[in-house]
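Colleague: Contents are TSV, C-alpha atoms; file name coords.tsv:
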chain	number	residue	atom	x	y	z
N	18	MET	CA	37.54	-68.60	27.93
N	19	THR	CA	39.69	-68.97	24.83
N	20	ILE	CA	42.64	-67.26	26.51
N	21	TRP	CA	42.51	-69.77	29.38
N	22	TRP	CA	42.52	-72.68	26.99
N	23	LEU	CA	45.54	-71.19	25.25
N	24	ILE	CA	47.36	-70.76	28.54
N	25	LEU	CA	46.52	-74.33	29.56
N	26	ILE	CA	47.83	-75.79	26.30
N	27	LEU	CA	51.03	-73.76	26.47
N	28	SER	CA	51.52	-74.85	30.09
N	29	SER	CA	51.08	-78.52	29.19
N	30	ILE	CA	53.53	-78.18	26.32
N	31	ALA	CA	56.06	-76.51	28.63
N	32	ALA	CA	55.61	-79.25	31.30
N	33	ILE	CA	56.13	-82.05	28.77
N	34	GLY	CA	59.17	-80.33	27.35
N	35	SER	CA	60.74	-79.75	30.77
N	36	GLY	CA	60.08	-83.42	31.76
N	37	PHE	CA	61.80	-84.65	28.65
N	38	ILE	CA	64.78	-82.43	29.25
N	39	TRP	CA	64.99	-83.58	32.83
N	40	LEU	CA	64.96	-87.26	31.62
N	41	VAL	CA	67.79	-86.65	29.18
N	42	VAL	CA	69.88	-84.87	31.81
N	43	TYR	CA	69.23	-87.62	34.35
N	44	LEU	CA	70.27	-90.33	31.92
N	45	SER	CA	73.47	-88.56	31.02
N	46	LYS	CA	74.32	-88.07	34.74
N	47	THR	CA	73.70	-91.76	35.46
N	48	SER	CA	75.97	-92.84	32.64
N	49	SER	CA	78.79	-90.50	33.77
N	50	SER	CA	78.64	-91.50	37.53
N	51	THR	CA	79.86	-95.09	37.05
N	52	LYS	CA	83.54	-95.43	38.32
N	53	PRO	CA	86.10	-98.49	38.19
N	54	GLY	CA	87.48	-100.41	41.37
N	55	GLY	CA	87.36	-103.90	43.31
N	56	PHE	CA	84.64	-106.39	43.15
N	57	ASN	CA	82.26	-103.94	42.89
N	58	ASP	CA	84.37	-102.60	40.27
N	59	SER	CA	84.35	-105.87	38.52
N	60	ILE	CA	80.69	-106.19	38.98
N	61	GLU	CA	80.34	-102.77	37.90
N	62	ALA	CA	82.64	-103.42	35.09
N	63	ALA	CA	80.73	-106.61	34.24
N	64	ALA	CA	77.51	-104.73	34.58
N	65	LYS	CA	79.00	-101.96	32.69
N	66	GLN	CA	80.10	-104.29	30.06
N	67	ASP	CA	76.76	-105.97	30.12
N	68	VAL	CA	75.05	-102.64	30.16
N	69	GLU	CA	77.33	-101.48	27.52
N	70	HIS	CA	76.52	-104.67	25.75
N	71	VAL	CA	72.82	-104.07	26.18
N	72	PHE	CA	72.87	-100.30	26.10
N	73	ASN	CA	75.50	-99.92	23.48
N	74	ASP	CA	75.78	-97.00	21.22
N	75	ASP	CA	73.39	-98.41	18.73
N	76	PHE	CA	70.81	-98.95	21.41
N	77	ARG	CA	71.35	-95.46	22.68
N	78	GLU	CA	71.18	-94.20	19.25
N	79	GLU	CA	67.98	-96.09	18.78
N	80	LEU	CA	66.59	-94.69	21.99
N	81	ARG	CA	67.65	-91.23	20.96
N	82	ASN	CA	65.98	-91.72	17.66
N	83	ARG	CA	62.82	-92.98	19.29
N	84	GLY	CA	62.90	-90.19	21.79
N	85	ARG	CA	63.53	-87.73	19.04
N	86	LEU	CA	60.67	-89.19	17.05
N	87	ASN	CA	58.34	-89.17	20.04
N	88	PHE	CA	59.40	-85.67	20.84
N	89	GLU	CA	58.86	-84.60	17.28
N	90	LYS	CA	55.54	-86.40	17.26
N	91	ILE	CA	54.46	-84.72	20.48
N	92	ILE	CA	55.79	-81.45	19.23
N	93	ASN	CA	53.94	-81.90	15.97
N	94	GLU	CA	50.75	-82.92	17.71
N	95	ASN	CA	50.98	-80.03	20.09
N	96	ALA	CA	51.89	-77.78	17.27
N	97	MET	CA	48.86	-79.04	15.40
N	98	PHE	CA	46.71	-78.55	18.48
N	99	LEU	CA	48.28	-75.20	18.99
N	100	GLN	CA	47.65	-74.35	15.38
N	101	GLN	CA	44.03	-75.44	15.67
N	102	ASP	CA	43.64	-73.56	18.89
N	103	LEU	CA	45.33	-70.59	17.37
N	104	ARG	CA	43.02	-70.72	14.36
N	105	LEU	CA	40.03	-71.11	16.64
N	106	THR	CA	41.31	-68.35	18.83
N	107	ILE	CA	42.00	-66.16	15.83
N	108	SER	CA	38.54	-66.95	14.50
N	109	GLN	CA	37.01	-66.16	17.88
N	110	ILE	CA	39.17	-63.10	18.18
N	111	ASN	CA	37.99	-62.10	14.71
N	112	ASP	CA	34.40	-62.67	15.69
N	113	TYR	CA	34.97	-60.85	18.94
N	114	MET	CA	36.69	-58.02	17.16
N	115	LYS	CA	33.94	-57.93	14.57
N	116	SER	CA	31.27	-57.89	17.21
N	117	GLU	CA	33.15	-55.32	19.29
N	118	ILE	CA	33.91	-53.19	16.29
N	119	THR	CA	30.33	-53.53	15.12
N	120	THR	CA	29.05	-52.62	18.55
N	121	LYS	CA	31.44	-49.72	18.86
N	122	LEU	CA	30.72	-48.56	15.34
N	123	GLN	CA	27.02	-48.94	15.92
N	124	ALA	CA	27.29	-46.94	19.10
N	125	GLU	CA	29.37	-44.33	17.35
N	126	PHE	CA	26.97	-44.31	14.45
N	127	GLU	CA	24.08	-43.92	16.86
N	128	LYS	CA	25.89	-41.05	18.54
N	129	TYR	CA	26.69	-39.61	15.15
N	130	GLU	CA	23.10	-40.06	14.04
N	131	GLN	CA	21.90	-38.53	17.27
N	132	SER	CA	24.24	-35.59	16.74
N	133	ILE	CA	23.02	-35.26	13.18
N	134	ASN	CA	19.44	-35.43	14.36
N	135	ASP	CA	20.13	-32.83	17.02
N	136	ALA	CA	21.83	-30.61	14.49
N	137	LYS	CA	18.99	-31.23	12.09
N	138	GLN	CA	16.45	-30.40	14.77
N	139	LEU	CA	18.34	-27.24	15.62
N	140	ALA	CA	18.52	-26.30	11.96
N	141	VAL	CA	14.81	-27.00	11.53
N	142	GLU	CA	13.96	-24.96	14.61
N	143	SER	CA	16.20	-22.17	13.40
N	144	LEU	CA	14.58	-22.30	9.97
N	145	GLN	CA	11.14	-22.33	11.54
N	146	LYS	CA	12.03	-19.33	13.67
N	147	THR	CA	13.47	-17.59	10.65
N	148	ASN	CA	10.38	-18.39	8.60
N	149	GLN	CA	8.17	-17.23	11.41
N	150	ALA	CA	10.13	-14.00	11.71
N	151	ILE	CA	9.99	-13.53	7.93
N	152	ASP	CA	6.25	-14.20	7.93
N	153	GLU	CA	5.70	-11.73	10.73
N	154	GLU	CA	7.85	-9.15	8.98
N	155	ARG	CA	6.05	-9.76	5.71
N	156	LYS	CA	2.70	-9.49	7.43
N	157	ARG	CA	3.78	-6.29	9.16
N	158	LEU	CA	5.09	-4.85	5.90
N	159	SER	CA	1.95	-5.90	4.09
N	160	GLU	CA	-0.21	-4.23	6.71
N	161	GLN	CA	1.99	-1.14	6.60
N	162	VAL	CA	1.83	-1.02	2.79
N	163	ASP	CA	-1.95	-1.51	2.87
N	164	LYS	CA	-2.24	1.19	5.46
N	165	ASP	CA	-0.08	3.57	3.42
N	166	ILE	CA	-2.02	2.77	0.26
N	167	ASP	CA	-5.32	3.36	2.04
N	168	ALA	CA	-4.02	6.62	3.50
N	169	SER	CA	-2.75	7.75	0.10
N	170	LYS	CA	-6.01	6.74	-1.53
N	171	ALA	CA	-8.01	8.57	1.13
N	172	LEU	CA	-5.80	11.63	0.74
N	173	ILE	CA	-6.16	11.60	-3.04
N	174	ILE	CA	-9.92	11.14	-2.78
N	175	GLU	CA	-10.14	13.88	-0.18
N	176	ARG	CA	-8.13	16.24	-2.35
N	177	PHE	CA	-10.17	15.32	-5.38
N	178	GLU	CA	-13.42	15.82	-3.52
N	179	ASN	CA	-12.25	19.12	-2.07
N	180	ASN	CA	-11.17	20.40	-5.46
N	181	MET	CA	-13.70	18.51	-7.52
N	182	THR	CA	-16.00	21.47	-7.88
N	183	ASP	CA	-13.20	23.66	-9.16
N	184	ILE	CA	-12.01	20.87	-11.45
N	185	VAL	CA	-15.44	20.26	-12.93
N	186	ASN	CA	-16.14	23.96	-13.19
N	187	HIS	CA	-12.79	24.55	-14.85
N	188	TYR	CA	-13.41	21.66	-17.18
N	189	LEU	CA	-16.88	22.94	-18.07
N	190	LEU	CA	-15.52	26.40	-18.70
N	191	ALA	CA	-12.71	25.05	-20.87
N	192	ALA	CA	-14.97	22.63	-22.72
N	193	ILE	CA	-18.17	24.53	-23.26
N	194	GLY	CA	-17.55	27.93	-21.68
N	195	ASN	CA	-17.78	29.74	-24.97
N	196	GLN	CA	-20.92	27.91	-25.96
N	197	ILE	CA	-22.99	28.74	-22.89
N	198	ASP	CA	-25.16	31.68	-23.80
N	199	LEU	CA	-26.74	33.75	-21.08
N	200	ASN	CA	-30.07	33.46	-22.85
N	201	ASP	CA	-29.83	29.71	-22.42
N	202	GLN	CA	-29.17	30.19	-18.74
N	203	LEU	CA	-32.09	32.50	-18.17
N	204	ASP	CA	-34.48	29.84	-16.98
N	205	PHE	CA	-31.87	28.49	-14.63
N	206	ILE	CA	-31.15	31.99	-13.32
N	207	ILE	CA	-34.82	32.81	-12.91
N	208	SER	CA	-35.46	29.61	-11.02
N	209	ASP	CA	-32.58	30.43	-8.68
N	210	LEU	CA	-33.88	33.95	-8.22
N	211	GLU	CA	-37.32	32.58	-7.52
N	212	ALA	CA	-35.87	30.25	-4.91
N	213	ASN	CA	-34.18	33.15	-3.14
N	214	LYS	CA	-36.90	35.69	-3.82
N	215	ALA	CA	-38.14	36.00	-0.27
N	216	ALA	CA	-34.71	36.66	1.20
N	217	MET	CA	-33.88	39.15	-1.52
N	218	LEU	CA	-37.13	41.04	-1.17
N	219	GLU	CA	-36.78	41.19	2.58
N	220	ASP	CA	-33.31	42.63	2.30
N	221	LEU	CA	-34.33	45.04	-0.44
N	222	ARG	CA	-37.26	46.38	1.55
N	223	ASN	CA	-35.75	46.39	5.01
N	224	GLY	CA	-32.05	46.81	4.38
N	225	ALA	CA	-30.72	50.34	4.98
A	14	MET	CA	-44.96	56.79	-4.04
A	15	ALA	CA	-44.74	55.66	-7.60
A	16	HIS	CA	-47.05	52.75	-6.99
A	17	GLU	CA	-49.90	54.98	-6.17
A	18	ALA	CA	-49.36	57.13	-9.20
A	19	ASN	CA	-49.58	54.12	-11.51
A	20	PHE	CA	-46.19	54.98	-12.84
A	21	MET	CA	-44.31	52.35	-14.86
A	22	LEU	CA	-40.68	51.93	-15.78
A	23	PRO	CA	-39.82	50.59	-19.22
A	24	VAL	CA	-37.49	47.64	-19.51
A	25	SER	CA	-34.99	49.79	-21.33
A	26	ILE	CA	-34.32	51.64	-18.08
A	27	VAL	CA	-32.33	49.08	-16.22
A	28	SER	CA	-29.82	50.64	-13.91
A	29	PRO	CA	-29.62	53.72	-11.69
A	30	SER	CA	-27.29	55.23	-14.24
A	31	ASP	CA	-30.04	54.89	-16.87
A	32	LEU	CA	-32.37	56.63	-14.50
A	33	LYS	CA	-29.88	59.42	-13.94
A	34	ARG	CA	-29.38	59.77	-17.65
A	35	VAL	CA	-33.15	60.12	-18.17
A	36	LYS	CA	-33.31	62.67	-15.41
A	37	ARG	CA	-30.54	64.64	-17.04
A	38	GLU	CA	-32.27	64.50	-20.40
A	39	LEU	CA	-35.51	65.62	-18.79
A	40	SER	CA	-33.69	68.46	-17.12
A	41	ASP	CA	-32.24	69.48	-20.48
A	42	ILE	CA	-35.70	69.41	-22.00
A	43	ASN	CA	-37.03	71.54	-19.18
A	44	ASP	CA	-34.26	74.02	-19.77
A	45	ALA	CA	-34.98	74.02	-23.48
A	46	MET	CA	-38.67	74.54	-22.90
A	47	LEU	CA	-37.92	77.39	-20.54
A	48	GLN	CA	-35.66	78.96	-23.14
A	49	ILE	CA	-38.40	78.63	-25.72
A	50	LYS	CA	-40.83	80.33	-23.39
A	51	LEU	CA	-38.42	83.12	-22.70
A	52	ARG	CA	-37.51	83.60	-26.34
A	53	GLN	CA	-38.54	86.92	-27.75
A	54	ALA	CA	-39.70	87.54	-31.23
A	55	GLY	CA	-36.95	87.68	-33.78
A	56	GLU	CA	-34.54	85.67	-31.74
A	57	GLU	CA	-33.25	82.32	-32.87
A	58	GLN	CA	-35.54	79.56	-31.72
A	59	ALA	CA	-34.07	77.20	-29.14
A	60	LYS	CA	-33.86	73.59	-30.22
A	61	LEU	CA	-35.11	70.74	-28.09
A	62	PRO	CA	-32.35	68.28	-27.19
A	63	LYS	CA	-32.37	64.82	-28.70
A	64	THR	CA	-33.98	62.26	-26.46
A	65	SER	CA	-32.74	58.77	-25.82
A	66	ARG	CA	-34.68	55.60	-26.30
A	67	HIS	CA	-34.97	55.29	-22.53
A	68	LEU	CA	-36.81	58.58	-22.18
A	69	GLU	CA	-38.96	57.91	-25.21
A	70	ASP	CA	-39.98	54.53	-23.84
A	71	LEU	CA	-40.68	56.03	-20.43
A	72	VAL	CA	-42.85	58.78	-21.86
A	73	ALA	CA	-44.67	56.43	-24.19
A	74	LEU	CA	-45.29	53.85	-21.52
A	75	ASN	CA	-46.76	56.38	-19.11
A	76	GLN	CA	-48.63	58.26	-21.85
A	77	LEU	CA	-46.99	61.57	-21.07
A	78	ASN	CA	-46.36	64.58	-23.21
A	79	LEU	CA	-43.12	66.36	-22.55
A	80	LEU	CA	-44.47	69.51	-24.09
A	81	HIS	CA	-46.77	69.83	-21.11
A	82	ASP	CA	-45.25	71.35	-18.04
A	83	SER	CA	-47.36	69.28	-15.72
A	84	ASP	CA	-46.24	66.03	-17.30
A	85	ARG	CA	-42.62	67.07	-17.12
A	86	GLN	CA	-43.01	68.07	-13.51
A	87	HIS	CA	-44.74	64.85	-12.73
A	88	LEU	CA	-42.05	62.89	-14.50
A	89	THR	CA	-39.32	64.78	-12.72
A	90	SER	CA	-40.94	64.15	-9.42
A	91	MET	CA	-41.35	60.47	-10.11
A	92	LEU	CA	-37.77	60.14	-11.27
A	93	ASP	CA	-36.56	61.85	-8.12
A	94	GLN	CA	-38.55	59.45	-6.01
A	95	LEU	CA	-37.33	56.47	-7.96
A	96	SER	CA	-33.71	57.51	-7.74
A	97	GLN	CA	-34.06	57.78	-4.00
A	98	HIS	CA	-36.24	54.83	-3.16
A	99	SER	CA	-36.01	52.25	-5.94
A	100	PRO	CA	-34.55	48.96	-4.83
A	101	VAL	CA	-31.28	48.14	-6.55
A	102	LEU	CA	-29.89	44.71	-7.34
A	103	HIS	CA	-26.31	44.01	-8.38
A	104	MET	CA	-26.06	41.05	-10.71
A	105	SER	CA	-22.81	39.63	-12.09
A	106	PHE	CA	-22.55	37.23	-15.00
A	107	ASN	CA	-19.69	35.48	-16.72
A	108	ASP	CA	-20.34	37.48	-19.90
A	109	GLU	CA	-21.80	40.75	-20.95
A	110	PRO	CA	-25.59	40.23	-21.06
A	111	SER	CA	-27.35	41.02	-24.29
A	112	ASP	CA	-30.22	43.50	-24.53
A	113	LYS	CA	-32.64	40.68	-25.10
A	114	PHE	CA	-31.46	38.92	-21.99
A	115	LYS	CA	-31.67	42.11	-20.00
A	116	ASP	CA	-35.20	42.76	-21.20
A	117	ARG	CA	-36.41	39.32	-20.22
A	118	LEU	CA	-34.67	39.42	-16.87
A	119	ILE	CA	-35.89	42.92	-16.02
A	120	THR	CA	-39.40	42.01	-17.03
A	121	TYR	CA	-39.34	39.02	-14.70
A	122	LEU	CA	-37.80	40.97	-11.84
A	123	ARG	CA	-40.25	43.81	-12.08
A	124	GLN	CA	-43.15	41.43	-12.24
A	125	SER	CA	-42.01	39.23	-9.40
A	126	PHE	CA	-39.97	41.49	-7.15
A	127	ASP	CA	-40.70	45.15	-7.52
A	128	PRO	CA	-42.02	47.16	-10.48
A	129	TYR	CA	-39.35	49.80	-9.91
A	130	LEU	CA	-36.44	47.50	-9.40
A	131	LEU	CA	-33.15	48.68	-10.89
A	132	VAL	CA	-30.25	46.40	-11.71
A	133	ASN	CA	-26.55	47.03	-11.92
A	134	PHE	CA	-24.89	44.47	-14.20
A	135	GLY	CA	-21.34	43.33	-13.64
A	136	LEU	CA	-18.89	40.77	-14.93
A	137	ALA	CA	-17.53	37.72	-13.08
A	138	PRO	CA	-15.87	35.47	-15.68
A	139	SER	CA	-14.74	32.88	-13.14
A	140	ILE	CA	-18.22	31.73	-12.17
A	141	GLY	CA	-18.71	29.73	-15.37
A	142	ALA	CA	-22.44	29.96	-15.51
A	143	GLY	CA	-25.29	31.39	-13.45
A	144	CYS	CA	-24.97	34.66	-11.62
A	145	ILE	CA	-24.04	36.36	-8.39
A	146	VAL	CA	-26.67	38.62	-6.86
A	147	ARG	CA	-25.95	41.23	-4.27
A	148	THR	CA	-28.70	43.10	-2.46
A	149	THR	CA	-28.27	45.86	0.07
A	150	ASN	CA	-26.85	43.65	2.76
A	151	LYS	CA	-26.74	40.15	1.33
A	152	TYR	CA	-24.81	38.15	-1.19
A	153	PHE	CA	-26.39	35.34	-3.18
A	154	ASP	CA	-24.06	33.08	-5.13
A	155	LEU	CA	-26.24	31.45	-7.77
A	156	SER	CA	-23.33	30.35	-9.94
A	157	LEU	CA	-22.72	26.93	-11.44
A	158	LYS	CA	-19.68	26.51	-9.19
A	159	THR	CA	-21.80	26.89	-6.09
A	160	ALA	CA	-24.46	24.61	-7.54
A	161	LEU	CA	-21.81	21.96	-8.14
A	162	LEU	CA	-20.46	22.49	-4.65
A	163	SER	CA	-23.86	22.09	-3.05
A	164	ASN	CA	-24.46	18.93	-5.07
A	165	LYS	CA	-20.98	17.54	-4.56
A	166	GLN	CA	-22.20	14.30	-3.04
A	167	LEU	CA	-24.50	13.77	-6.00
A	168	LEU	CA	-21.56	14.35	-8.34
A	169	ILE	CA	-19.43	11.88	-6.37
A	170	ASN	CA	-22.21	9.31	-6.54
A	171	GLN	CA	-22.47	9.81	-10.28
A	172	LEU	CA	-18.71	9.46	-10.69
A	173	ILE	CA	-18.71	6.27	-8.61
A	174	ALA	CA	-21.61	4.88	-10.62
A	175	GLN	CA	-19.77	5.52	-13.89
A	176	PRO	CA	-18.34	2.37	-15.53
A	177	LYS	CA	-14.58	2.21	-15.17
A	178	PRO	CA	-12.56	2.53	-18.38
A	179	ASN	CA	-10.43	-0.42	-19.41
A	180	GLN	CA	-6.69	-0.30	-20.07
A	181	GLU	CA	-7.21	1.30	-23.46
A	182	GLY	CA	-9.24	4.07	-21.87
A	183	LEU	CA	-12.48	2.84	-23.42
A	184	VAL	CA	-15.63	2.57	-21.39
A	185	ALA	CA	-17.13	-0.87	-21.52
The structure in this file should be written as structure tokens.
Modeller:
Amino acid sequence: MTIWWLILILSSIAAIGSGFIWLVVYLSKTSSSTKPGGFNDSIEAAAKQDVEHVFNDDFREELRNRGRLNFEKIINENAMFLQQDLRLTISQINDYMKSEITTKLQAEFEKYEQSINDAKQLAVESLQKTNQAIDEERKRLSEQVDKDIDASKALIIERFENNMTDIVNHYLLAAIGNQIDLNDQLDFIISDLEANKAAMLEDLRNGA
Amino acid sequence: MAHEANFMLPVSIVSPSDLKRVKRELSDINDAMLQIKLRQAGEEQAKLPKTSRHLEDLVALNQLNLLHDSDRQHLTSMLDQLSQHSPVLHMSFNDEPSDKFKDRLITYLRQSFDPYLLVNFGLAPSIGAGCIVRTTNKYFDLSLKTALLSNKQLLINQLIAQPKPNQEGLVA
């Protein structure tokens, strides 16, 4: 809309300017076409004289001055209008540019934000997957370590239980082996013999 | 058999080797007595051999007189029977048993098992305590090691029930 107004104003200025030029050219042609000769020539001469009397150089100069003034006035007015329109146009163009730039920037920012969000989402998903993988690996390692510890513990306990009798016996021998007198063991030995008496007697009586 | 003759073995006669030694001594005495009988006047008198404590105990316990031929014959006969038919136990201990221990053990065995039971003693230092008994065909491990082994679960339970030591190794 502002462009059309600008074009219209420039067109009007051009039309007024061309009309003024045409008027000046026409007046100069009219003044140069008058020729001397006969009655007509006298009339023409009288008219010319009269015209020259009326439209003498001062008058022409006055007209030129008036025309120049009017032209300057019109030019100034149009220039003022043009200046106003230009300022308005510039202001509108500024607003338009601002709005366009703002819109474009906003769109770009939205795209940029969307890209950042997508990248962020990808990073978060990647981190989540990594964390999940780490958790699974940690869980697997923990289970494996627990399993190994349990197996080692069971193996140690099994070995200890299998060799416990020898260990305790060895310890007893080392600790109090020299202090165990057979006389002190007699009751223990007799009770064991008593417990196995039947089997012993049977073998003693029936064996070979 | 010896049972019927009311024959008794002293606790000093423990093993078949003791029995053989007594038999040998008795044989020597028989020979000496025969020499004395055969001695003629003027010849040097034969001396009776010295007797061991085993033979003295045996004679005293059975109220025999070795100067009598019948008693010697009876004793010889009984010893022959015993050497052939007496049950023999083999017992191994971690240390050499004392005479007192042997006496008490033989007394128990002859009262509870057989009055003519003979025992061969052996050494098994690795058993710790207790004994290992071997009869004619069987083997009885009555050692502390076997006792611990048979009561292993009880030992484990006792170890589990024990309070755990702290970092300084002290039991709370």
Colleague: Using all atoms listed in the file, I'd like a table of the residues in chain N that come within 10 Å of chain A; for each, show the closest atom pair and its distance in Å rounded to one decimal, ordered by chain and ascending number, as a Markdown table.
Modeller:
| residue | atom | partner | partner_atom | distance |
| --- | --- | --- | --- | --- |
| N:Phe177 | CA | A:Ile169 | CA | 9.9 |
| N:Glu178 | CA | A:Ile169 | CA | 7.7 |
| N:Asn179 | CA | A:Lys165 | CA | 9.2 |
| N:Asn180 | CA | A:Leu162 | CA | 9.6 |
| N:Met181 | CA | A:Lys165 | CA | 7.9 |
| N:Thr182 | CA | A:Leu162 | CA | 5.6 |
| N:Asp183 | CA | A:Lys158 | CA | 7.1 |
| N:Ile184 | CA | A:Lys158 | CA | 9.8 |
| N:Val185 | CA | A:Leu161 | CA | 8.1 |
| N:Asn186 | CA | A:Lys158 | CA | 5.9 |
| N:His187 | CA | A:Gly141 | CA | 7.9 |
| N:Tyr188 | CA | A:Gly141 | CA | 9.8 |
| N:Leu189 | CA | A:Gly141 | CA | 7.5 |
| N:Leu190 | CA | A:Gly141 | CA | 5.7 |
| N:Ala191 | CA | A:Gly141 | CA | 9.4 |
| N:Ile193 | CA | A:Gly141 | CA | 9.5 |
| N:Gly194 | CA | A:Gly141 | CA | 6.7 |
| N:Asn195 | CA | A:Asp108 | CA | 9.6 |
| N:Ile197 | CA | A:Ala142 | CA | 7.5 |
| N:Asp198 | CA | A:Asp108 | CA | 8.5 |
| N:Leu199 | CA | A:Pro110 | CA | 6.6 |
| N:Asn200 | CA | A:Phe114 | CA | 5.7 |
| N:Asp201 | CA | A:Phe114 | CA | 9.4 |
| N:Gln202 | CA | A:Gly143 | CA | 6.7 |
| N:Leu203 | CA | A:Phe114 | CA | 7.5 |
| N:Asp204 | CA | A:Leu118 | CA | 9.6 |
| N:Phe205 | CA | A:Gly143 | CA | 7.3 |
| N:Ile206 | CA | A:Gly143 | CA | 5.9 |
| N:Ile207 | CA | A:Leu118 | CA | 7.7 |
| N:Ser208 | CA | A:Leu155 | CA | 9.9 |
| N:Asp209 | CA | A:Leu155 | CA | 6.5 |
| N:Leu210 | CA | A:Leu155 | CA | 8.1 |
| N:Glu211 | CA | A:Ser125 | CA | 8.4 |
| N:Asn213 | CA | A:Phe153 | CA | 8.1 |
| N:Lys214 | CA | A:Phe126 | CA | 7.4 |
| N:Ala215 | CA | A:Phe126 | CA | 9.0 |
| N:Ala216 | CA | A:Lys151 | CA | 8.7 |
| N:Met217 | CA | A:Thr148 | CA | 6.6 |
| N:Leu218 | CA | A:Phe126 | CA | 6.6 |
| N:Glu219 | CA | A:Thr148 | CA | 9.7 |
| N:Asp220 | CA | A:Thr149 | CA | 6.4 |
| N:Leu221 | CA | A:Pro100 | CA | 5.9 |
| N:Arg222 | CA | A:Pro100 | CA | 7.4 |
| N:Asn223 | CA | A:Thr149 | CA | 9.0 |
| N:Gly224 | CA | A:Thr149 | CA | 5.8 |
| N:Ala225 | CA | A:Thr149 | CA | 7.1 |
Colleague: Which residues are close to Phe134 of chain A, i.e. within 7 Å by only C-alpha atoms, leaving aside same-chain residues fewer than 2 positions away? Reply as a ChimeraX atom specification.
Modeller: /A:103-105,132
Colleague: Please dump the current selection as a short mmCIF file (atom, residue, chain, number, x, y, z; two decimals), in the coordinates of the input; keep C-alpha atoms.
Modeller:
data_model
loop_
_atom_site.label_atom_id
_atom_site.label_comp_id
_atom_site.auth_asym_id
_atom_site.auth_seq_id
_atom_site.Cartn_x
_atom_site.Cartn_y
_atom_site.Cartn_z
CA HIS A 103 -26.31 44.01 -8.38
CA MET A 104 -26.06 41.05 -10.71
CA SER A 105 -22.81 39.63 -12.09
CA VAL A 132 -30.25 46.40 -11.71
#
Colleague: What does the distance from atom CA of Asp112 of chain A to atom CA of Thr64 of chain A come to in Å, to one decimal?
Modeller: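 Straight-line distance from atom CA of Asp112 of chain A to atom CA of Thr64 of chain A works out to 19.2 Å.
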Colleague: With only C-alpha atoms as the atoms that count, which of A:Leu51, A:Leu39, A:Met21, A:Met46 lies nearest to Leu71 of chain A?
Modeller: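 Using only C-alpha atoms, the shortest distance to Leu71 of chain A belongs to A:Met21.
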Colleague: Just give me the gap between atom CA of Met114 of chain N and atom CA of Ser132 of chain N in Å, one decimal is fine.
Modeller: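 Computed distance, atom CA of Met114 of chain N to atom CA of Ser132 of chain N, equals 25.7 Å.
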Colleague: Give me, please, the distance in Å between atom CA of Gly34 of chain N and atom CA of Phe88 of chain N, quoted to one decimal.
Modeller: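 Rounded to one decimal, the two atoms are 8.4 Å apart.
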